[in-house]
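Structure data follow from final-v1.txt (compact mmCIF, C-alpha atoms and all ligand atoms):
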```txt
# COMPACT_ATOMS: atom_id res chain seq x y z
CA MET V 1144 131.60 263.08 119.01
CA ARG V 1145 131.91 265.51 121.89
CA ALA V 1146 134.50 264.69 124.58
CA TRP V 1147 136.22 266.65 127.35
CA HIS V 1148 140.01 266.45 127.68
CA VAL V 1149 142.36 267.49 130.50
CA GLU V 1150 144.55 269.82 128.41
CA ARG V 1151 146.79 271.05 131.22
CA PRO V 1152 146.10 269.83 134.78
CA GLY V 1153 145.54 272.74 137.19
CA PRO V 1154 142.94 274.50 139.36
CA VAL V 1155 139.50 273.99 137.86
CA THR V 1156 138.90 277.76 137.90
CA GLY V 1157 141.66 278.09 135.24
CA HIS V 1158 139.72 275.85 132.80
CA PRO V 1159 142.09 272.87 132.56
CA LEU V 1160 139.35 270.93 130.75
CA ARG V 1161 138.53 271.54 127.07
CA LEU V 1162 135.48 270.29 125.17
CA HIS V 1163 136.27 268.93 121.69
CA ASN V 1164 133.27 268.79 119.37
CA ASP V 1165 134.65 266.69 116.53
CA ASP V 1166 136.57 263.80 118.11
CA THR V 1167 136.41 260.48 116.27
CA ALA V 1168 134.50 257.95 118.37
CA PRO V 1169 136.84 255.22 119.71
CA ARG V 1170 136.74 251.68 118.26
CA PRO V 1171 136.53 248.74 120.66
CA GLY V 1172 139.77 246.76 120.84
CA PRO V 1173 139.90 242.99 121.40
CA GLY V 1174 137.77 242.06 124.41
CA GLU V 1175 136.30 245.57 124.66
CA LEU V 1176 132.80 247.01 124.42
CA LEU V 1177 131.95 250.33 122.82
CA LEU V 1178 129.50 252.23 125.02
CA ARG V 1179 127.22 255.09 124.01
CA VAL V 1180 127.29 257.10 127.22
CA LEU V 1181 123.83 257.62 128.78
CA ALA V 1182 125.02 259.15 132.07
CA CYS V 1183 128.37 259.77 133.77
CA GLY V 1184 128.76 260.66 137.44
CA VAL V 1185 131.11 263.42 138.58
CA CYS V 1186 133.42 262.08 141.30
CA ARG V 1187 135.95 263.88 143.49
CA THR V 1188 138.66 261.72 141.89
CA ASP V 1189 137.85 263.39 138.54
CA LEU V 1190 138.71 266.66 140.24
CA HIS V 1191 142.05 265.18 141.39
CA VAL V 1192 142.79 264.06 137.79
CA THR V 1193 141.76 267.43 136.34
CA GLU V 1194 143.68 269.51 138.87
CA GLY V 1195 146.78 267.31 138.77
CA ASP V 1196 146.62 266.04 142.39
CA LEU V 1197 146.93 262.63 140.77
CA PRO V 1198 149.93 262.56 138.38
CA PRO V 1199 148.87 262.46 134.69
CA HIS V 1200 148.92 258.91 133.26
CA LEU V 1201 147.54 259.66 129.78
CA PRO V 1202 148.07 263.14 128.30
CA GLY V 1203 144.75 264.78 127.36
CA VAL V 1204 142.73 262.07 129.10
CA THR V 1205 138.93 262.22 129.17
CA PRO V 1206 137.84 261.91 132.85
CA GLY V 1207 134.79 260.04 134.16
CA HIS V 1208 134.50 256.62 135.81
CA GLU V 1209 130.84 256.28 136.85
CA VAL V 1210 129.53 255.51 133.40
CA VAL V 1211 126.16 254.08 132.41
CA GLY V 1212 126.13 253.22 128.71
CA GLU V 1213 124.44 251.25 125.97
CA VAL V 1214 126.62 248.63 124.26
CA THR V 1215 126.75 249.62 120.58
CA GLU V 1216 129.62 247.45 119.35
CA LEU V 1217 131.66 244.45 120.55
CA GLY V 1218 135.37 244.13 119.92
CA GLU V 1219 136.86 240.83 118.80
CA GLY V 1220 136.25 238.12 121.40
CA ALA V 1221 134.31 240.42 123.78
CA GLY V 1222 131.77 238.36 125.74
CA ARG V 1223 129.21 238.76 128.52
CA PHE V 1224 127.23 241.52 126.74
CA GLU V 1225 125.27 241.98 123.51
CA THR V 1226 124.66 245.14 121.53
CA GLY V 1227 121.70 247.00 123.02
CA ASP V 1228 122.52 245.86 126.59
CA LYS V 1229 123.04 248.43 129.31
CA ALA V 1230 126.47 248.23 130.98
CA GLY V 1231 128.41 250.14 133.63
CA ALA V 1232 132.07 251.20 133.56
CA ALA V 1233 133.70 251.93 136.92
CA TRP V 1234 137.12 253.12 138.22
CA LEU V 1235 138.86 249.70 138.02
CA ARG V 1236 139.41 249.18 134.28
CA TRP V 1237 141.95 246.37 134.11
CA THR V 1238 144.24 244.16 136.24
CA ASP V 1239 146.86 241.62 135.17
CA ASN V 1240 145.14 238.64 136.86
CA THR V 1241 148.56 237.07 137.45
CA CYS V 1242 150.30 238.97 140.28
CA ARG V 1243 150.36 237.76 143.89
CA TYR V 1244 147.51 240.14 144.82
CA CYS V 1245 145.26 239.20 141.92
CA ARG V 1246 145.83 235.51 142.69
CA ARG V 1247 144.60 235.97 146.27
CA GLN V 1248 141.39 237.85 145.33
CA ALA V 1249 142.92 241.25 146.09
CA GLU V 1250 142.93 242.68 142.55
CA ASN V 1251 142.27 246.13 144.06
CA LEU V 1252 145.96 246.06 145.08
CA CYS V 1253 147.29 244.96 141.65
CA PRO V 1254 150.38 247.12 140.91
CA ALA V 1255 149.68 246.84 137.16
CA SER V 1256 146.02 247.91 137.41
CA ALA V 1257 144.58 250.55 135.06
CA TYR V 1258 141.83 253.03 135.83
CA THR V 1259 138.98 254.52 133.80
CA GLY V 1260 139.35 258.25 133.19
CA TRP V 1261 143.02 258.23 134.28
CA ASP V 1262 144.91 255.53 132.31
CA ALA V 1263 142.24 255.38 129.58
CA ASP V 1264 139.55 257.76 128.34
CA GLY V 1265 136.41 257.85 130.47
CA GLY V 1266 132.81 258.96 130.29
CA TYR V 1267 132.92 262.77 129.95
CA ALA V 1268 132.15 262.01 126.29
CA GLU V 1269 129.47 260.58 124.03
CA TYR V 1270 131.28 257.26 123.50
CA MET V 1271 133.94 255.27 125.34
CA THR V 1272 135.35 251.74 125.46
CA VAL V 1273 135.55 249.34 128.41
CA PRO V 1274 137.00 245.81 128.67
CA ALA V 1275 133.95 243.51 128.78
CA ALA V 1276 135.44 241.55 131.71
CA TYR V 1277 135.46 244.75 133.81
CA ALA V 1278 132.02 246.07 132.74
CA HIS V 1279 129.14 245.74 135.19
CA ARG V 1280 125.55 244.58 134.86
CA LEU V 1281 123.26 247.20 136.37
CA PRO V 1282 120.38 246.75 138.82
CA PRO V 1283 116.80 247.41 137.61
CA GLY V 1284 114.57 250.06 139.17
CA TYR V 1285 116.93 253.05 138.82
CA SER V 1286 117.15 255.85 136.25
CA ASP V 1287 120.43 256.16 134.30
CA ALA V 1288 121.32 259.23 136.40
CA GLU V 1289 120.69 257.32 139.65
CA LEU V 1290 122.79 254.36 138.49
CA ALA V 1291 125.90 256.47 137.77
CA PRO V 1292 126.89 257.34 141.39
CA LEU V 1293 126.41 253.71 142.43
CA LEU V 1294 129.42 252.83 140.25
CA CYS V 1295 132.05 254.62 142.37
CA ALA V 1296 130.50 256.33 145.40
CA GLY V 1297 128.34 253.28 146.01
CA ILE V 1298 130.94 250.57 145.44
CA ILE V 1299 133.68 252.32 147.45
CA GLY V 1300 131.28 253.05 150.31
CA TYR V 1301 130.37 249.37 150.32
CA ARG V 1302 134.00 248.26 150.44
CA ALA V 1303 134.63 250.71 153.30
CA LEU V 1304 131.67 249.17 155.15
CA GLN V 1305 133.07 245.66 154.58
CA ARG V 1306 136.52 246.78 155.77
CA ALA V 1307 134.93 248.18 158.96
CA GLU V 1308 133.67 244.65 159.82
CA LEU V 1309 130.39 245.78 161.31
CA PRO V 1310 128.95 242.87 163.32
CA GLU V 1311 125.34 241.71 162.82
CA GLY V 1312 123.01 244.32 164.35
CA GLY V 1313 126.04 246.41 165.36
CA ARG V 1314 126.54 250.12 166.03
CA LEU V 1315 128.15 252.02 163.13
CA GLY V 1316 129.58 255.55 163.20
CA ILE V 1317 129.84 257.50 159.94
CA TYR V 1318 132.12 260.55 159.85
CA GLY V 1319 131.29 262.86 156.93
CA PHE V 1320 128.05 262.40 155.00
CA GLY V 1321 128.43 262.96 151.23
CA GLY V 1322 127.61 260.85 148.17
CA SER V 1323 129.44 257.69 149.23
CA ALA V 1324 128.41 257.84 152.90
CA HIS V 1325 124.70 258.26 152.25
CA LEU V 1326 124.71 255.04 150.19
CA ALA V 1327 126.83 253.03 152.69
CA ALA V 1328 124.50 254.18 155.51
CA GLN V 1329 121.49 252.77 153.66
CA VAL V 1330 123.21 249.40 153.16
CA ALA V 1331 124.09 249.26 156.88
CA LEU V 1332 120.54 250.23 157.92
CA ALA V 1333 119.08 247.59 155.59
CA ARG V 1334 121.28 245.05 157.39
CA GLY V 1335 119.83 246.07 160.77
CA ALA V 1336 122.66 248.31 162.02
CA THR V 1337 122.23 251.31 164.31
CA VAL V 1338 123.85 254.24 162.50
CA HIS V 1339 125.27 257.38 164.13
CA VAL V 1340 126.30 260.20 161.78
CA MET V 1341 128.87 262.88 162.63
CA THR V 1342 129.08 265.63 160.00
CA ARG V 1343 129.19 269.35 159.33
CA GLY V 1344 126.42 271.05 157.38
CA GLU V 1345 122.74 271.14 158.22
CA GLN V 1346 121.67 269.76 154.78
CA ALA V 1347 123.76 266.63 155.23
CA ARG V 1348 122.47 266.18 158.79
CA GLN V 1349 118.89 266.54 157.59
CA LEU V 1350 119.48 263.83 154.94
CA ALA V 1351 121.03 261.53 157.59
CA ARG V 1352 117.93 261.94 159.80
CA GLU V 1353 115.58 261.26 156.87
CA LEU V 1354 117.45 258.07 155.97
CA GLY V 1355 117.09 256.74 159.52
CA ALA V 1356 120.23 257.65 161.49
CA ALA V 1357 119.75 257.04 165.24
CA SER V 1358 121.69 260.20 166.08
CA VAL V 1359 123.28 263.06 164.17
CA GLY V 1360 126.08 265.19 165.58
CA ASP V 1361 128.80 267.62 164.58
CA ALA V 1362 131.96 266.40 162.77
CA ALA V 1363 133.98 265.45 165.89
CA ASP V 1364 131.16 264.94 168.43
CA PRO V 1365 131.22 261.76 170.53
CA PRO V 1366 128.33 259.45 169.53
CA PRO V 1367 125.75 258.63 172.26
CA GLU V 1368 127.03 255.03 172.59
CA PRO V 1369 130.31 253.19 171.84
CA LEU V 1370 130.74 252.05 168.21
CA ASP V 1371 131.45 248.52 166.97
CA ALA V 1372 132.66 249.96 163.67
CA ALA V 1373 133.20 253.36 162.08
CA ILE V 1374 133.95 254.74 158.63
CA LEU V 1375 135.76 258.02 158.02
CA PHE V 1376 134.51 259.53 154.73
CA ALA V 1377 135.68 263.11 155.38
CA PRO V 1378 139.28 263.52 154.07
CA VAL V 1379 140.32 264.98 157.43
CA GLY V 1380 143.11 263.24 159.38
CA ASP V 1381 142.22 265.14 162.59
CA LEU V 1382 138.96 263.15 162.76
CA VAL V 1383 140.82 259.83 163.08
CA LEU V 1384 141.35 260.60 166.78
CA PRO V 1385 137.71 261.16 167.86
CA ALA V 1386 136.62 258.26 165.61
CA LEU V 1387 139.10 255.84 167.26
CA ALA V 1388 138.21 257.15 170.73
CA ALA V 1389 134.52 256.45 170.00
CA LEU V 1390 135.16 252.74 169.23
CA ASP V 1391 134.16 250.06 171.69
CA ARG V 1392 136.69 247.29 172.56
CA GLY V 1393 137.61 245.36 169.41
CA GLY V 1394 136.08 248.00 167.11
CA THR V 1395 137.42 248.89 163.65
CA LEU V 1396 137.73 252.24 161.90
CA SER V 1397 138.07 252.20 158.10
CA ILE V 1398 139.20 255.22 156.12
CA ALA V 1399 137.30 255.43 152.83
CA GLY V 1400 139.08 258.23 150.96
CA ILE V 1401 141.92 258.12 148.43
CA HIS V 1402 143.39 261.25 150.12
CA LEU V 1403 143.62 262.13 153.83
CA THR V 1404 145.30 265.08 155.55
CA ASP V 1405 147.95 264.11 158.12
CA ILE V 1406 146.84 262.15 161.16
CA PRO V 1407 147.95 263.78 164.46
CA PRO V 1408 149.91 261.63 166.97
CA LEU V 1409 147.82 258.85 168.51
CA ASN V 1410 147.71 257.95 172.18
CA TYR V 1411 147.99 254.19 172.53
CA GLU V 1412 145.71 253.91 175.58
CA LYS V 1413 143.04 256.29 174.27
CA HIS V 1414 142.99 255.36 170.58
CA LEU V 1415 144.27 251.81 169.97
CA PHE V 1416 144.49 249.61 173.07
CA GLN V 1417 141.70 247.03 173.62
CA GLU V 1418 142.32 245.75 170.10
CA ARG V 1419 140.85 248.66 168.22
CA GLN V 1420 141.94 248.70 164.57
CA LEU V 1421 142.58 251.34 161.92
CA ARG V 1422 142.33 250.31 158.25
CA SER V 1423 142.61 251.98 154.87
CA VAL V 1424 140.51 251.23 151.79
CA THR V 1425 142.12 251.03 148.35
CA SER V 1426 139.92 250.97 145.24
CA ASN V 1427 137.70 247.90 144.98
CA THR V 1428 137.52 244.46 143.45
CA ARG V 1429 135.00 243.34 140.85
CA ALA V 1430 133.52 241.07 143.53
CA ASP V 1431 132.81 244.15 145.72
CA ALA V 1432 131.03 245.74 142.76
CA ARG V 1433 128.95 242.63 142.07
CA GLU V 1434 127.92 242.32 145.74
CA PHE V 1435 127.01 245.98 146.06
CA LEU V 1436 125.07 246.16 142.77
CA GLY V 1437 123.26 242.96 143.83
CA LEU V 1438 122.26 244.61 147.12
CA ALA V 1439 121.09 247.70 145.21
CA ALA V 1440 118.88 245.42 143.07
CA GLU V 1441 117.27 243.84 146.17
CA HIS V 1442 116.96 247.00 148.20
CA LYS V 1443 116.09 250.27 146.44
CA LEU V 1444 118.59 252.90 147.58
CA ALA V 1445 117.67 256.58 147.63
CA VAL V 1446 120.22 258.33 145.37
CA THR V 1447 120.37 262.13 145.36
CA VAL V 1448 121.45 263.34 141.89
CA HIS V 1449 121.97 266.72 140.21
CA PRO V 1450 121.92 266.41 136.39
CA TYR V 1451 124.14 268.65 134.27
CA PRO V 1452 124.38 268.64 130.45
CA LEU V 1453 127.62 267.08 129.15
CA ASP V 1454 128.68 270.54 127.90
CA ALA V 1455 128.70 271.80 131.53
CA ALA V 1456 131.24 269.27 132.90
CA ASP V 1457 133.66 272.03 133.96
CA ARG V 1458 130.87 273.84 135.85
CA ALA V 1459 129.86 270.56 137.55
CA LEU V 1460 133.46 270.04 138.74
CA ALA V 1461 133.72 273.64 139.98
CA ASP V 1462 130.41 273.23 141.85
CA LEU V 1463 131.67 269.97 143.39
CA LYS V 1464 134.87 271.67 144.55
CA ALA V 1465 132.91 274.58 146.05
CA GLY V 1466 130.45 272.20 147.77
CA ARG V 1467 127.49 273.81 145.98
CA PHE V 1468 125.34 270.64 146.01
CA ASP V 1469 124.57 267.59 148.14
CA GLY V 1470 124.58 264.12 146.63
CA ALA V 1471 126.09 263.51 143.19
CA ALA V 1472 126.37 265.53 139.97
CA VAL V 1473 125.68 263.48 136.84
CA LEU V 1474 126.49 264.47 133.24
CA ILE V 1475 123.87 263.65 130.64
CA PRO V 1476 125.06 263.80 126.98
ZN ZN B 1 147.56 241.83 139.53
ZN ZN B 2 135.20 257.88 141.92
```

Would you mind giving the structure from this file in structure tokens?
Ligand SMILES: [Zn+2]
Ligand SMILES: [Zn+2]
Amino acid sequence: MRAWHVERPGPVTGHPLRLHNDDTAPRPGPGELLLRVLACGVCRTDLHVTEGDLPPHLPGVTPGHEVVGEVTELGEGAGRFETGDKAGAAWLRWTDNTCRYCRRQAENLCPASAYTGWDADGGYAEYMTVPAAYAHRLPPGYSDAELAPLLCAGIIGYRALQRAELPEGGRLGIYGFGGSAHLAAQVALARGATVHVMTRGEQARQLARELGAASVGDAADPPPEPLDAAILFAPVGDLVLPALAALDRGGTLSIAGIHLTDIPPLNYEKHLFQERQLRSVTSNTRADAREFLGLAAEHKLAVTVHPYPLDAADRALADLKAGRFDGAAVLIP
């Protein structure tokens, strides 16, 4: 089979990824499914793995953690799916189920957790394995390419929205409007929220208007009304200040990204007093994924995708880094 490997992590322009044409397809271990990959989304985290911003966990790993596949084989004792079923593999690949965090329904914080496309080979390939207990059932009504970005961008955006504790019919601010944000905005709008979007780039602003944002401003602009909740999707620590200042009394700001540049000093009166809160978001639980994919089944989300052939994975990553497209790139084997 064909599969991409991170040969030597480094800037994507130096071709750290290599395509192998004659890899042996993996065999499913106990409890695992073998997936024939139908589509694999290209996420910014794949860029971090490829460029070495995240320390290597598995030498020569195959990236990719937004994987839509067909189950072609079941390992010993693997349940929940049959051959021929469609299944999704996401970033969270495994947790120990026994630590203090797992026991209190916070498996996203499990110190022993393993991740698809970092600790184990992912979906930049024709086949991959996934533990059946961590594979996802996929909502109907979407193409394979549209389903892929739901599995990371969608799920993480949903967790960030939950962490922001938006009240019923509340006012939500969204800072940065890429793949994850445009899905979270649609969930909030479907729940009756008023959504204000602050972002650079006319294309992103146009998309925000089309999806139903009440106002659209520049990256650090004050929204036209105080916010009950806000989510920072842009990986820019400077924006924490205007986002906190825009919150109404008791409002919450959640930070969606895995990386953020340094946050400048806060002023207690201006940014935190009146019980405003600042929260991070770390990975997601399987329950988040189930809830989000359930919502996506009930309410058709508009997903902007840019298909690339599997052989062009390195070009897709370079285009992502350079910001050459809106929405999500998806590899199709
Ligand atoms: Zn655990
Ligand atoms: Zn991701």

Within 10 Å of ligand ZN 1 (chain B), which residues of chain V come that close, and what is the closest atom pair and distance in Å for each? Count only C-alpha atoms and all ligand atoms and give it as CSV.
```
residue,atom,partner,partner_atom,distance
V:Trp1237,CA,B:ZN1,ZN,9.0
V:Thr1238,CA,B:ZN1,ZN,5.2
V:Asp1239,CA,B:ZN1,ZN,4.4
V:Asn1240,CA,B:ZN1,ZN,4.8
V:Thr1241,CA,B:ZN1,ZN,5.3
V:Cys1242,CA,B:ZN1,ZN,4.0
V:Arg1243,CA,B:ZN1,ZN,6.6
V:Tyr1244,CA,B:ZN1,ZN,5.6
V:Cys1245,CA,B:ZN1,ZN,4.2
V:Arg1246,CA,B:ZN1,ZN,7.3
V:Arg1247,CA,B:ZN1,ZN,9.4
V:Gln1248,CA,B:ZN1,ZN,9.4
V:Ala1249,CA,B:ZN1,ZN,8.1
V:Glu1250,CA,B:ZN1,ZN,5.6
V:Asn1251,CA,B:ZN1,ZN,8.2
V:Leu1252,CA,B:ZN1,ZN,7.2
V:Cys1253,CA,B:ZN1,ZN,3.8
V:Pro1254,CA,B:ZN1,ZN,6.2
V:Ala1255,CA,B:ZN1,ZN,5.9
V:Ser1256,CA,B:ZN1,ZN,6.6
```

Using the selection just defined, write its residues with C-alpha atoms as an mmCIF file, in the frame of the given file.
```cif
data_model
loop_
_atom_site.group_PDB
_atom_site.id
_atom_site.type_symbol
_atom_site.label_atom_id
_atom_site.label_comp_id
_atom_site.auth_asym_id
_atom_site.auth_seq_id
_atom_site.Cartn_x
_atom_site.Cartn_y
_atom_site.Cartn_z
ATOM 1 C CA TRP V 1237 141.950 246.370 134.110
ATOM 2 C CA THR V 1238 144.240 244.160 136.240
ATOM 3 C CA ASP V 1239 146.860 241.620 135.170
ATOM 4 C CA ASN V 1240 145.140 238.640 136.860
ATOM 5 C CA THR V 1241 148.560 237.070 137.450
ATOM 6 C CA CYS V 1242 150.300 238.970 140.280
ATOM 7 C CA ARG V 1243 150.360 237.760 143.890
ATOM 8 C CA TYR V 1244 147.510 240.140 144.820
ATOM 9 C CA CYS V 1245 145.260 239.200 141.920
ATOM 10 C CA ARG V 1246 145.830 235.510 142.690
ATOM 11 C CA ARG V 1247 144.600 235.970 146.270
ATOM 12 C CA GLN V 1248 141.390 237.850 145.330
ATOM 13 C CA ALA V 1249 142.920 241.250 146.090
ATOM 14 C CA GLU V 1250 142.930 242.680 142.550
ATOM 15 C CA ASN V 1251 142.270 246.130 144.060
ATOM 16 C CA LEU V 1252 145.960 246.060 145.080
ATOM 17 C CA CYS V 1253 147.290 244.960 141.650
ATOM 18 C CA PRO V 1254 150.380 247.120 140.910
ATOM 19 C CA ALA V 1255 149.680 246.840 137.160
ATOM 20 C CA SER V 1256 146.020 247.910 137.410
#
```

Please identify every residue of chain V that has at least one atom no farther than 6 Å from an atom of ligand ZN 2 (chain B), counting all atoms listed in the file, and for each give the shortest atom pair and the distance in Å to one decimal, arranged by chain then increasing number, as JSON lines.
```
{"residue": "V:Cys1186", "atom": "CA", "partner": "B:ZN2", "partner_atom": "ZN", "distance": 4.6}
{"residue": "V:Thr1188", "atom": "CA", "partner": "B:ZN2", "partner_atom": "ZN", "distance": 5.2}
{"residue": "V:Cys1295", "atom": "CA", "partner": "B:ZN2", "partner_atom": "ZN", "distance": 4.6}
```

Only C-alpha atoms, please: the residues just picked out, written as a PDB file, keeping the file's coordinate frame.
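Saved as part-v4.pdb:
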```pdb
ATOM      1  CA  CYS V1186     133.420 262.080 141.300  1.00  0.00           C
ATOM      2  CA  THR V1188     138.660 261.720 141.890  1.00  0.00           C
ATOM      3  CA  CYS V1295     132.050 254.620 142.370  1.00  0.00           C
TER       4      CYS V1295
END
```

Which one of V:Arg1302, V:Arg1419, V:Lys1229, V:Arg1348 sits closest to V:Leu1178 if you count only C-alpha atoms?
V:Lys1229

Atom pair atom CA of V:Glu1175 / atom CA of V:Arg1433: separation (Å):
19.1 Å

Enclose stretch 1269-1278 of chain V, meaning all of its atoms listed in the file, in a box aligned along x, y and z, pad it by 4 Å on each side, and list the centre and edge lengths in Å to one decimal, as JSON.
```
{"center_x": 133.2, "center_y": 251.1, "center_z": 128.7, "size_x": 15.5, "size_y": 27.0, "size_z": 18.3}
```

From the list V:Asp1196, V:Glu1412, V:Asp1405, V:Glu1289, which residue is nearest V:Thr1447 when using only C-alpha atoms?
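Of all the options, V:Glu1289 lies closest to V:Thr1447.
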
Within 12 Å of V:Leu1309, counting all atoms listed in the file, which residues qualify if same-chain residues fewer than 3 places away don't, as a PyMOL selection string?
chain V and resi 1301-1306+1312-1317+1327-1328+1330-1332+1334-1338+1370-1374+1390-1391+1393-1397

Protein and nucleic acid residues near (123.8, 264.9, 161.9) (cut-off 7 Å, only C-alpha atoms) as a PyMOL selection string
chain V and resi 1340-1342+1347-1349+1351-1352+1358-1361

Between atom CA of V:Ala1233 and atom CA of V:Gly1153, distance in Å (one decimal)
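So the answer is 23.9 Å.
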
What residues have an atom no more than 7 Å from (136.8, 247.6, 136.6) in the file's own frame, counting all atoms listed in the file, and can you write them as a ChimeraX atom specification?
/V:1232-1237,1277-1278,1429

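Atom CA of V:Thr1272 is positioned 13.6 Å from atom CA of V:Met1144.
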
When you count all atoms listed in the file, which of these residues is closest to V:Ala1257: V:His1208, V:Val1424, V:Pro1476, V:Leu1294?
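Checking each of V:His1208, V:Val1424, V:Pro1476, V:Leu1294 against V:Ala1257, counting all atoms listed in the file, the winner is V:His1208.
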
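You can rank V:Trp1147, V:Leu1436, V:Arg1343, V:Leu1474 by their closest distance to V:Ala1288 using all atoms listed in the file, and at the top of that list sits V:Leu1474.
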
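Distance annotation: of V:Asp1287, V:Asp1469, V:Asp1364, V:Glu1418, the residue with the minimal separation from V:Val1180 is V:Asp1287; atom set is only C-alpha atoms.
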
Need to verify the contact set: V:Pro1408, 12 Å, only C-alpha atoms, exclusion of same-chain residues closer than 5 positions in sequence. Can you return it as a PyMOL selection string?
chain V and resi 1380-1384+1413-1415
